[in-house]
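Text of protein_0.csv, listed as CSV, C-alpha atoms:
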```csv
chain,number,residue,atom,x,y,z
W,20,MET,CA,-34.2,13.4,12.9
W,21,SER,CA,-31.7,13.6,15.8
W,22,PHE,CA,-29.0,11.0,16.3
W,23,PRO,CA,-29.6,8.2,18.8
W,24,ASP,CA,-29.2,8.8,22.5
W,25,GLY,CA,-25.7,8.0,23.5
W,26,PHE,CA,-24.3,8.6,20.1
W,27,LEU,CA,-20.5,9.2,20.5
W,28,TRP,CA,-19.4,12.6,19.1
W,29,GLY,CA,-15.7,12.6,19.2
W,30,ALA,CA,-12.3,13.3,17.7
W,31,ALA,CA,-9.3,11.0,17.5
W,32,THR,CA,-5.6,10.9,17.8
W,33,ALA,CA,-2.8,8.3,17.8
W,34,ALA,CA,0.0,8.3,20.4
W,35,HIS,CA,3.0,8.5,18.1
W,36,GLN,CA,1.4,11.3,16.0
W,37,VAL,CA,0.8,13.6,19.0
W,38,GLU,CA,2.6,12.5,22.1
W,39,GLY,CA,6.2,13.2,21.1
W,40,ASN,CA,9.5,11.5,21.8
W,41,ASN,CA,8.3,8.0,21.4
W,42,VAL,CA,11.9,6.8,21.5
W,43,ASN,CA,11.4,3.1,22.2
W,44,SER,CA,9.3,2.6,19.1
W,45,ASP,CA,10.3,1.1,15.7
W,46,PHE,CA,9.2,4.3,13.9
W,47,TRP,CA,11.4,6.5,16.0
W,48,VAL,CA,14.4,4.6,14.6
W,49,LEU,CA,13.1,4.6,11.0
W,50,GLU,CA,12.5,8.3,11.1
W,51,ASN,CA,15.9,9.2,12.5
W,52,THR,CA,18.1,6.9,10.4
W,53,ALA,CA,20.0,8.5,7.5
W,54,GLY,CA,18.3,8.1,4.1
W,55,THR,CA,14.8,7.8,5.7
W,56,ILE,CA,11.7,8.0,3.6
W,57,PHE,CA,10.1,10.1,6.3
W,58,ALA,CA,9.9,13.8,5.4
W,59,GLU,CA,10.9,14.7,8.9
W,60,PRO,CA,11.1,13.1,12.4
W,61,SER,CA,8.2,13.2,14.8
W,62,GLY,CA,10.3,14.9,17.5
W,63,ASP,CA,8.1,16.6,20.2
W,64,ALA,CA,5.0,16.1,18.0
W,65,CYS,CA,2.2,18.0,19.7
W,66,ASP,CA,3.6,17.4,23.2
W,67,HIS,CA,0.3,15.7,24.0
W,68,TYR,CA,2.0,13.4,26.5
W,69,ARG,CA,2.5,16.5,28.7
W,70,LEU,CA,-0.4,18.6,27.6
W,71,TYR,CA,-3.1,15.9,27.5
W,72,ARG,CA,-5.2,17.5,30.3
W,73,GLN,CA,-5.3,20.8,28.3
W,74,ASP,CA,-6.4,19.0,25.2
W,75,VAL,CA,-9.0,16.8,26.9
W,76,ALA,CA,-10.5,19.9,28.5
W,77,LEU,CA,-10.6,21.7,25.2
W,78,LEU,CA,-12.4,18.8,23.5
W,79,ALA,CA,-15.0,18.8,26.3
W,80,GLU,CA,-15.4,22.6,26.2
W,81,LEU,CA,-16.2,22.4,22.5
W,82,GLY,CA,-19.1,20.1,23.3
W,83,LEU,CA,-17.7,16.7,22.2
W,84,THR,CA,-18.7,13.7,24.2
W,85,SER,CA,-15.9,11.2,23.4
W,86,TYR,CA,-12.2,11.0,22.8
W,87,ARG,CA,-10.4,8.2,20.9
W,88,PHE,CA,-6.7,7.9,21.7
W,89,SER,CA,-4.1,5.2,21.7
W,90,VAL,CA,-2.0,3.6,24.4
W,91,GLU,CA,1.6,3.2,23.1
W,92,TRP,CA,2.9,-0.3,23.4
W,93,ALA,CA,6.5,0.9,23.2
W,94,ARG,CA,6.0,3.0,26.3
W,95,VAL,CA,4.1,0.4,28.3
W,96,GLU,CA,6.5,-2.5,27.5
W,97,PRO,CA,9.8,-0.9,26.6
W,98,GLU,CA,11.5,-4.3,26.9
W,99,PRO,CA,9.9,-7.8,26.5
W,100,GLY,CA,7.9,-8.7,29.6
W,101,ARG,CA,9.0,-5.5,31.4
W,102,TYR,CA,6.0,-3.2,31.9
W,103,SER,CA,6.4,0.4,32.9
W,104,ARG,CA,4.3,1.3,35.9
W,105,ALA,CA,4.9,5.0,35.1
W,106,ALA,CA,3.5,4.6,31.6
W,107,LEU,CA,0.4,2.7,32.9
W,108,ALA,CA,-0.1,5.5,35.5
W,109,HIS,CA,0.1,8.1,32.7
W,110,TYR,CA,-2.6,6.5,30.7
W,111,ARG,CA,-4.7,6.1,33.8
W,112,ASP,CA,-4.4,9.8,34.3
W,113,VAL,CA,-5.5,10.4,30.6
W,114,LEU,CA,-8.5,8.2,31.2
W,115,ASP,CA,-9.3,9.9,34.5
W,116,ALA,CA,-9.1,13.3,32.7
W,117,CYS,CA,-11.6,12.0,30.1
W,118,HIS,CA,-14.1,10.9,32.8
W,119,GLU,CA,-13.7,14.1,34.8
W,120,HIS,CA,-14.6,16.1,31.7
W,121,GLY,CA,-17.5,13.9,30.7
W,122,LEU,CA,-15.7,12.4,27.6
W,123,THR,CA,-16.3,8.7,27.0
W,124,PRO,CA,-12.9,7.2,26.2
W,125,MET,CA,-12.3,4.9,23.3
W,126,VAL,CA,-8.8,3.4,23.5
W,127,THR,CA,-6.8,1.9,20.7
W,128,LEU,CA,-4.1,-0.6,21.8
W,129,HIS,CA,-2.1,-0.6,18.6
W,130,HIS,CA,-2.0,2.3,16.2
W,131,PHE,CA,0.8,1.5,13.7
W,132,THR,CA,3.8,1.8,16.0
W,133,SER,CA,5.4,-1.1,18.0
W,134,PRO,CA,8.3,-1.5,20.5
W,135,ARG,CA,11.6,-1.5,18.8
W,136,TRP,CA,12.4,-4.8,20.4
W,137,LEU,CA,9.6,-6.5,18.4
W,138,MET,CA,11.8,-6.0,15.3
W,139,ARG,CA,14.5,-8.1,16.9
W,140,LEU,CA,11.9,-10.9,17.1
W,141,GLY,CA,10.7,-10.5,13.5
W,142,GLY,CA,8.0,-7.8,13.8
W,143,TRP,CA,4.6,-8.4,12.3
W,144,SER,CA,5.6,-11.4,10.2
W,145,ALA,CA,6.7,-13.4,13.2
W,146,PRO,CA,4.5,-16.2,14.4
W,147,GLY,CA,5.1,-15.2,18.1
W,148,THR,CA,3.8,-11.7,17.7
W,149,PRO,CA,0.1,-12.5,18.4
W,150,GLU,CA,0.9,-13.9,21.8
W,151,ARG,CA,3.2,-11.0,22.7
W,152,PHE,CA,0.6,-8.5,21.6
W,153,ALA,CA,-2.1,-10.3,23.5
W,154,ALA,CA,0.0,-10.3,26.7
W,155,TYR,CA,0.5,-6.6,26.4
W,156,CYS,CA,-3.2,-6.0,25.9
W,157,ARG,CA,-4.0,-8.2,28.9
W,158,THR,CA,-1.7,-6.1,31.1
W,159,VAL,CA,-3.2,-2.8,30.0
W,160,MET,CA,-6.8,-3.9,30.4
W,161,ALA,CA,-6.2,-5.7,33.7
W,162,GLU,CA,-4.9,-2.4,35.0
W,163,LEU,CA,-7.1,0.1,33.2
W,164,GLY,CA,-10.1,-1.9,31.9
W,165,PRO,CA,-12.7,-0.5,34.3
W,166,LEU,CA,-12.0,3.0,32.9
W,167,ILE,CA,-12.3,1.9,29.2
W,168,PRO,CA,-15.8,1.3,27.9
W,169,TYR,CA,-14.6,0.8,24.3
W,170,VAL,CA,-11.4,-0.7,23.1
W,171,CYS,CA,-10.0,-1.2,19.6
W,172,THR,CA,-7.3,-3.8,19.5
W,173,ILE,CA,-5.6,-2.8,16.2
W,174,ASN,CA,-6.0,0.3,14.1
W,175,GLU,CA,-6.6,-0.4,10.4
W,176,ALA,CA,-5.9,-4.1,10.6
W,177,ASN,CA,-6.3,-4.3,6.8
W,178,ILE,CA,-3.8,-1.5,6.0
W,179,GLY,CA,-1.5,-4.0,4.2
W,180,PRO,CA,-3.8,-4.8,1.3
W,181,VAL,CA,-5.0,-1.2,1.2
W,182,VAL,CA,-1.4,0.0,0.7
W,183,ARG,CA,-0.7,-2.8,-1.8
W,184,GLN,CA,-3.7,-1.7,-3.9
W,185,ILE,CA,-2.7,1.9,-3.9
W,186,ALA,CA,1.1,1.4,-4.5
W,187,GLY,CA,0.8,-1.6,-6.8
W,188,ASP,CA,3.9,-2.3,-8.9
W,189,LEU,CA,5.4,1.0,-7.8
W,190,LEU,CA,5.9,-0.2,-4.2
W,191,GLU,CA,9.6,-0.2,-3.5
W,192,LEU,CA,9.3,-2.3,-0.4
W,193,ALA,CA,9.4,-6.1,-0.3
W,194,PRO,CA,6.0,-8.0,-0.2
W,195,VAL,CA,6.4,-8.5,3.6
W,196,GLY,CA,9.2,-6.9,5.6
W,197,LEU,CA,12.0,-4.8,4.3
W,198,GLY,CA,14.9,-7.1,4.0
W,199,ASP,CA,14.7,-7.7,0.3
W,200,ALA,CA,14.9,-4.1,-0.7
W,201,PRO,CA,17.4,-3.3,-3.4
W,202,ALA,CA,21.0,-2.3,-2.4
W,203,GLY,CA,21.7,1.4,-2.2
W,204,GLY,CA,19.1,4.1,-1.6
W,205,LEU,CA,16.2,2.5,0.3
W,206,GLY,CA,18.2,-0.6,1.0
W,207,ALA,CA,21.0,1.4,2.6
W,208,TRP,CA,18.4,3.1,4.9
W,209,LEU,CA,16.9,-0.3,5.9
W,210,SER,CA,20.3,-1.8,6.6
W,211,ALA,CA,21.2,1.2,8.8
W,212,ALA,CA,17.8,1.0,10.6
W,213,ALA,CA,18.3,-2.7,11.2
W,214,HIS,CA,21.7,-2.1,12.7
W,215,ALA,CA,20.2,0.6,15.0
W,216,LEU,CA,17.5,-1.9,16.0
W,217,ASP,CA,20.1,-4.5,16.7
W,218,THR,CA,18.8,-6.9,14.2
W,219,THR,CA,19.0,-7.9,10.5
W,220,PRO,CA,16.9,-6.3,7.7
W,221,ASP,CA,14.8,-9.4,7.2
W,222,ARG,CA,13.4,-9.0,10.7
W,223,VAL,CA,12.5,-5.4,10.3
W,224,ASN,CA,8.8,-5.8,9.7
W,225,PRO,CA,6.9,-2.8,11.0
W,226,PHE,CA,3.1,-3.0,11.0
W,227,LEU,CA,2.7,-0.5,8.2
W,228,PHE,CA,5.0,-2.5,5.9
W,229,ALA,CA,3.4,-5.9,6.5
W,230,TYR,CA,1.8,-6.5,3.2
W,231,ASP,CA,1.3,-10.1,2.3
W,232,GLN,CA,-1.3,-12.7,3.3
W,233,ALA,CA,1.0,-14.3,5.9
W,234,ALA,CA,1.3,-10.9,7.7
W,235,ASN,CA,-2.5,-10.5,7.5
W,236,GLU,CA,-2.9,-13.8,9.3
W,237,VAL,CA,-0.5,-12.7,12.0
W,238,ILE,CA,-2.4,-9.5,12.5
W,239,MET,CA,-5.8,-11.3,12.6
W,240,GLN,CA,-4.4,-13.8,15.1
W,241,ALA,CA,-3.1,-10.9,17.2
W,242,HIS,CA,-6.6,-9.4,17.2
W,243,THR,CA,-8.4,-12.6,18.2
W,244,ALA,CA,-5.8,-13.5,20.9
W,245,ALA,CA,-6.0,-10.0,22.3
W,246,ARG,CA,-9.8,-10.1,22.3
W,247,ALA,CA,-9.8,-13.3,24.3
W,248,GLU,CA,-7.5,-11.8,26.9
W,249,ILE,CA,-9.5,-8.6,27.2
W,250,ARG,CA,-12.8,-10.5,27.6
W,251,GLU,CA,-11.2,-12.4,30.5
W,252,VAL,CA,-9.8,-9.4,32.5
W,253,SER,CA,-12.3,-6.7,31.4
W,254,PRO,CA,-15.6,-8.3,30.5
W,255,ASP,CA,-17.6,-5.1,30.5
W,256,THR,CA,-15.4,-3.4,27.9
W,257,ARG,CA,-16.8,-3.5,24.3
W,258,VAL,CA,-14.1,-4.8,21.9
W,259,GLY,CA,-13.6,-4.2,18.2
W,260,LEU,CA,-11.0,-3.3,15.7
W,261,THR,CA,-10.9,-0.7,12.9
W,262,LEU,CA,-10.7,-1.2,9.1
W,263,ALA,CA,-9.6,1.3,6.5
W,264,LEU,CA,-12.5,0.9,4.1
W,265,GLN,CA,-12.3,2.4,0.6
W,266,ASP,CA,-15.4,3.5,-1.4
W,267,TYR,CA,-14.6,1.7,-4.7
W,268,HIS,CA,-16.4,3.3,-7.7
W,269,PRO,CA,-16.1,1.1,-10.8
W,270,GLU,CA,-15.7,2.8,-14.1
W,271,PRO,CA,-16.6,0.9,-17.3
W,272,GLY,CA,-14.8,-2.5,-17.2
W,273,GLY,CA,-13.9,-2.1,-13.5
W,274,GLN,CA,-16.8,-3.8,-11.8
W,275,GLU,CA,-15.0,-7.1,-11.2
W,276,ARG,CA,-11.8,-5.5,-10.1
W,277,ALA,CA,-13.7,-3.2,-7.7
W,278,ARG,CA,-15.4,-6.3,-6.2
W,279,GLN,CA,-12.1,-8.0,-5.8
W,280,MET,CA,-10.6,-5.0,-4.0
W,281,TRP,CA,-13.5,-4.8,-1.6
W,282,CYS,CA,-13.0,-8.5,-0.8
W,283,GLU,CA,-9.3,-8.0,-0.2
W,284,THR,CA,-9.9,-5.2,2.3
W,285,PHE,CA,-13.2,-6.2,3.9
W,286,THR,CA,-14.6,-9.6,3.1
W,287,ASP,CA,-11.4,-11.5,3.8
W,288,PHE,CA,-11.3,-10.0,7.3
W,289,LEU,CA,-14.8,-11.0,8.3
W,290,PRO,CA,-13.9,-14.3,10.0
W,291,ALA,CA,-11.7,-12.4,12.5
W,292,LEU,CA,-14.6,-10.1,13.4
W,293,ASP,CA,-16.7,-13.0,14.7
W,294,GLY,CA,-17.2,-12.3,18.4
W,295,ASP,CA,-16.4,-8.6,18.2
W,296,ASP,CA,-18.8,-6.0,19.8
W,297,PHE,CA,-18.4,-3.4,17.1
W,298,LEU,CA,-16.6,-2.6,13.9
W,299,GLY,CA,-14.6,0.7,13.6
W,300,VAL,CA,-15.0,2.1,10.1
W,301,GLN,CA,-12.5,4.6,8.7
W,302,SER,CA,-12.9,6.3,5.3
W,303,TYR,CA,-11.8,9.5,3.7
W,304,SER,CA,-12.6,9.4,0.0
W,305,ARG,CA,-13.6,7.3,-2.9
W,306,MET,CA,-11.4,5.3,-5.3
W,307,ARG,CA,-12.2,5.0,-9.0
W,308,VAL,CA,-11.5,1.6,-10.3
W,309,GLY,CA,-10.9,0.5,-13.9
W,310,ALA,CA,-10.2,-2.9,-15.4
W,311,ASP,CA,-6.6,-2.8,-14.4
W,312,GLY,CA,-6.9,-1.1,-11.0
W,313,LEU,CA,-7.2,2.4,-9.5
W,314,LEU,CA,-7.7,5.5,-11.6
W,315,PRO,CA,-6.8,9.1,-10.7
W,316,ALA,CA,-9.4,11.6,-9.6
W,317,PRO,CA,-11.5,13.1,-12.4
W,318,ASP,CA,-10.1,16.1,-14.2
W,319,GLY,CA,-11.0,19.2,-12.4
W,320,ALA,CA,-12.0,17.5,-9.2
W,321,GLU,CA,-11.2,19.1,-5.9
W,322,VAL,CA,-8.4,17.3,-4.1
W,323,THR,CA,-7.1,17.5,-0.6
W,324,GLN,CA,-3.5,17.9,0.7
W,325,MET,CA,-3.3,14.1,0.6
W,326,GLY,CA,-4.2,14.0,-3.0
W,327,TYR,CA,-7.6,12.5,-2.2
W,328,GLU,CA,-10.7,13.6,-4.1
W,329,PHE,CA,-13.0,15.7,-2.0
W,330,PHE,CA,-15.8,13.1,-1.6
W,331,PRO,CA,-17.5,13.1,1.8
W,332,GLY,CA,-20.2,10.7,0.5
W,333,SER,CA,-17.7,7.9,0.7
W,334,LEU,CA,-18.5,7.5,4.4
W,335,GLU,CA,-22.1,6.7,3.8
W,336,ASN,CA,-21.2,4.2,1.1
W,337,VAL,CA,-18.7,2.3,3.2
W,338,ILE,CA,-21.0,2.2,6.3
W,339,ARG,CA,-23.6,0.5,4.1
W,340,GLY,CA,-21.1,-2.0,2.9
W,341,ALA,CA,-19.6,-2.6,6.4
W,342,ALA,CA,-23.1,-3.3,7.8
W,343,ALA,CA,-22.7,-6.7,6.1
W,344,ALA,CA,-20.5,-7.7,9.0
W,345,GLY,CA,-23.6,-7.8,11.2
W,346,LEU,CA,-22.0,-5.7,13.8
W,347,PRO,CA,-22.8,-2.2,15.2
W,348,VAL,CA,-20.6,0.3,13.3
W,349,ILE,CA,-18.7,3.2,14.8
W,350,VAL,CA,-17.0,5.7,12.6
W,351,THR,CA,-13.6,5.8,14.2
W,352,GLU,CA,-12.0,8.0,11.6
W,353,ASN,CA,-13.2,10.4,9.0
W,354,GLY,CA,-11.7,13.7,8.0
W,355,ILE,CA,-9.9,15.9,5.5
W,356,ALA,CA,-6.4,17.4,5.2
W,357,THR,CA,-6.8,21.0,4.0
W,358,THR,CA,-5.7,24.5,4.7
W,359,ASP,CA,-9.2,25.8,4.0
W,360,ASP,CA,-11.2,25.2,7.1
W,361,THR,CA,-14.5,26.1,5.4
W,362,ARG,CA,-14.0,23.0,3.3
W,363,ARG,CA,-13.4,20.9,6.4
W,364,THR,CA,-16.7,22.1,7.8
W,365,GLU,CA,-18.5,21.3,4.6
W,366,TYR,CA,-16.9,17.9,4.4
W,367,VAL,CA,-18.0,17.1,8.0
W,368,ARG,CA,-21.5,18.3,7.3
W,369,GLN,CA,-21.9,16.2,4.2
W,370,ALA,CA,-20.3,13.1,5.8
W,371,LEU,CA,-22.7,13.4,8.8
W,372,GLU,CA,-25.7,13.8,6.5
W,373,GLY,CA,-24.7,10.4,5.1
W,374,VAL,CA,-24.5,8.9,8.6
W,375,ARG,CA,-27.9,10.2,9.4
W,376,ARG,CA,-29.3,8.6,6.2
W,377,CYS,CA,-27.8,5.3,7.3
W,378,LEU,CA,-29.4,5.6,10.7
W,379,ALA,CA,-32.8,6.4,9.1
W,380,ASP,CA,-32.5,3.1,7.2
W,381,GLY,CA,-32.0,1.2,10.4
W,382,ILE,CA,-28.2,0.7,10.3
W,383,ASP,CA,-26.7,0.7,13.8
W,384,VAL,CA,-24.1,3.5,13.8
W,385,GLY,CA,-22.9,4.3,17.3
W,386,GLY,CA,-20.6,7.3,16.9
W,387,TYR,CA,-18.5,9.6,14.7
W,388,TYR,CA,-14.9,10.5,15.4
W,389,TYR,CA,-13.3,13.2,13.3
W,390,TRP,CA,-9.7,12.6,12.4
W,391,SER,CA,-7.9,14.4,13.8
W,392,ALA,CA,-8.3,16.4,17.0
W,393,LEU,CA,-5.0,18.1,16.4
W,394,ASP,CA,-2.8,18.9,13.4
W,395,ASN,CA,-0.3,16.2,13.9
W,396,PHE,CA,2.6,14.0,12.5
W,397,GLU,CA,1.2,12.4,9.4
W,398,TRP,CA,3.7,9.5,9.2
W,399,MET,CA,6.0,9.6,6.1
W,400,LEU,CA,4.6,13.0,5.1
W,401,GLY,CA,5.6,14.7,8.3
W,402,TYR,CA,3.7,17.8,9.5
W,403,ALA,CA,2.7,19.2,6.2
W,404,PRO,CA,-0.9,17.8,6.0
W,405,THR,CA,-3.3,19.5,8.4
W,406,PHE,CA,-6.2,17.2,9.4
W,407,GLY,CA,-6.9,18.8,12.7
W,408,ILE,CA,-9.9,20.7,14.0
W,409,ILE,CA,-7.4,22.3,16.4
W,410,ALA,CA,-4.2,23.9,15.0
W,411,VAL,CA,-0.9,23.4,16.8
W,412,ASP,CA,2.0,25.9,16.7
W,413,ARG,CA,4.8,23.4,17.2
W,414,ALA,CA,7.3,26.1,18.1
W,415,THR,CA,5.2,27.1,21.2
W,416,GLN,CA,2.7,24.2,21.3
W,417,THR,CA,-0.1,26.8,21.3
W,418,ARG,CA,-3.5,25.3,20.4
W,419,THR,CA,-5.9,27.3,18.2
W,420,VAL,CA,-9.4,26.1,17.8
W,421,LYS,CA,-10.7,26.1,14.2
W,422,ASP,CA,-14.3,27.0,13.2
W,423,SER,CA,-14.7,23.4,12.1
W,424,ALA,CA,-14.2,22.3,15.7
W,425,ARG,CA,-16.9,24.7,16.9
W,426,TYR,CA,-19.2,23.4,14.2
W,427,LEU,CA,-18.7,19.8,15.2
W,428,GLY,CA,-19.0,20.7,18.9
W,429,ALA,CA,-22.3,22.6,18.3
W,430,LEU,CA,-23.7,19.5,16.5
W,431,ALA,CA,-22.6,17.3,19.4
W,432,ARG,CA,-24.3,19.6,22.0
W,433,LYS,CA,-27.6,19.2,20.1
W,434,ASN,CA,-27.0,15.5,19.2
W,435,GLY,CA,-27.1,16.4,15.5
W,436,GLU,CA,-30.5,18.1,15.6
W,437,THR,CA,-29.0,21.2,13.9
W,438,LEU,CA,-27.4,19.3,11.1
```
Hey, can you dump this file as structure tokens for me?
Amino acid sequence: MSFPDGFLWGAATAAHQVEGNNVNSDFWVLENTAGTIFAEPSGDACDHYRLYRQDVALLAELGLTSYRFSVEWARVEPEPGRYSRAALAHYRDVLDACHEHGLTPMVTLHHFTSPRWLMRLGGWSAPGTPERFAAYCRTVMAELGPLIPYVCTINEANIGPVVRQIAGDLLELAPVGLGDAPAGGLGAWLSAAAHALDTTPDRVNPFLFAYDQAANEVIMQAHTAARAEIREVSPDTRVGLTLALQDYHPEPGGQERARQMWCETFTDFLPALDGDDFLGVQSYSRMRVGADGLLPAPDGAEVTQMGYEFFPGSLENVIRGAAAAGLPVIVTENGIATTDDTRRTEYVRQALEGVRRCLADGIDVGGYYYWSALDNFEWMLGYAPTFGIIAVDRATQTRTVKDSARYLGALARKNGETL
């Protein structure tokens, strides 16, 4: 069985993780403030802002048919209401490069980072954020929409409850925002970051640290408001968002807790998906659940650089669960951080076998994007985890294609017939 005609075979990146020098973003400040929880600053990253043409051409040369990347809000709107024509022209050039090389672009309008000025206004806990985000989306799509067939408003809109489940009582940060962190240590870093952002700690509410239900509501309102604006100015663009979906495996006594965790990260978000054209599914491994919450990987299990269990079958399981949304599914992220590229190839092979089984059972799956195209900046962990199918020497910015990239590209050329 081959994959459907028009199936999107791609790889993904996020602006802050690959572009470099995203100096107007909230994360740039957080990374570069003394006492930071970031292992290292993003710096030049993969210099993708300059080398995007080379990278796009390389993905096309491998045989991929699509590229998912993000437009950086902090570049496009460096101050409230002031839009950078130069930044919009840059992203037009990226889109043009995709089309020139036969890659269908999928654009994400928010991938974790926000303009630093948004923190002055309360960040992702502020009631005015949905309207500000929607206005930015309208500007981008009014300018670039004809070049964008697929758009994701927000990456991993459910990341708050996911992080809350993983961190539990060990989470040092406040339930929403960072202003209630203890004095000294983390609190000193946050106070210094707030000063650098020209605000107070209670207003420093970055997207990744917005954990409570009130923040979830702000994020969902931002998605629905953005969708309405996009529909008006770019009606031919297909609109969705992405969710980080965990494959919860209940151990004895953990069935009810696993059900609750799925509801917190999926079912609770279904109302906001009403009216979307697709759902972006992102999954990396399974999570074992006991009566009191998450359990570690089984003794002797293979684990990745991220500490995840090597479990490519998680993707099939979450696709089947996500189908309950009644929307076409696109796998917008799936991958593995490892130094052993043979294991990356095997992970991709098994994950795609699961996708094919879903297709055989009639589930509408429209594409698969490996995370990530490049070895990149992995947020608080810095550059140590290597997810990419293309290696990057950050001293020279030299790209080296891995065998896993050739494997995925060969599958794309035959539309999965060789799987």
Give as a VMD selection string the set of residues within 12 Å of the point (7.9, 17.2, 27.6), where distances use the file's coordinates and only C-alpha atoms. chain W and resid 37 to 41 62 to 71 416
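Here the question is which of W:Val348, W:Val374, W:Leu166, W:Ala429 gets nearest to Gly332 (chain W) using only C-alpha atoms, and that residue is W:Val374.
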Given all atoms listed in the file, how would the per-residue table for region 256-303 of chain W near region 310-313 of chain W read, listing every residue at most 12 Å away with its closest atom pair and distance in Å to one decimal, sorted by chain and number, as CSV?
```
residue,atom,partner,partner_atom,distance
W:Gln265,CA,W:Leu313,CA,11.3
W:Asp266,CA,W:Leu313,CA,11.6
W:Tyr267,CA,W:Leu313,CA,8.8
W:His268,CA,W:Leu313,CA,9.4
W:Pro269,CA,W:Ala310,CA,8.5
W:Glu270,CA,W:Ala310,CA,8.0
W:Pro271,CA,W:Ala310,CA,7.7
W:Gly272,CA,W:Ala310,CA,5.0
W:Gly273,CA,W:Ala310,CA,4.2
W:Gln274,CA,W:Ala310,CA,7.6
W:Glu275,CA,W:Ala310,CA,7.6
W:Arg276,CA,W:Ala310,CA,6.1
W:Ala277,CA,W:Gly312,CA,7.8
W:Arg278,CA,W:Gly312,CA,11.1
W:Gln279,CA,W:Gly312,CA,10.1
W:Met280,CA,W:Gly312,CA,8.8
```
Residue neighbourhood Tyr102 (chain W), 10 Å, all atoms listed in the file, exclusion window fewer than 4 positions, as a list in words: Trp92, Ala93, Arg94, Val95, Glu96, Pro97, Glu98, Ala106, Leu107, Tyr155, Thr158 and Val159 of chain W
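Going from CA of Thr84 (chain W) to CA of Arg157 (chain W) covers 26.8 Å.
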Return the single residue from W:Leu227, W:Ile382, W:Ile249, W:Leu334 that is closest to Arg368 (chain W), with distances computed using all atoms listed in the file. W:Leu334
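One distance worth recording is that between CA of Ile355 (chain W) and CA of Asp231 (chain W), which is 28.5 Å.
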Å distance separating CA of Val420 (chain W) from CA of Ser61 (chain W), one decimal place: 22.0 Å
Thr55 (chain W): which residues within 12 Å, counting all atoms listed in the file, same-chain residues fewer than 6 positions away excluded, as a ChimeraX atom specification? /W:46-49,204-212,398-401
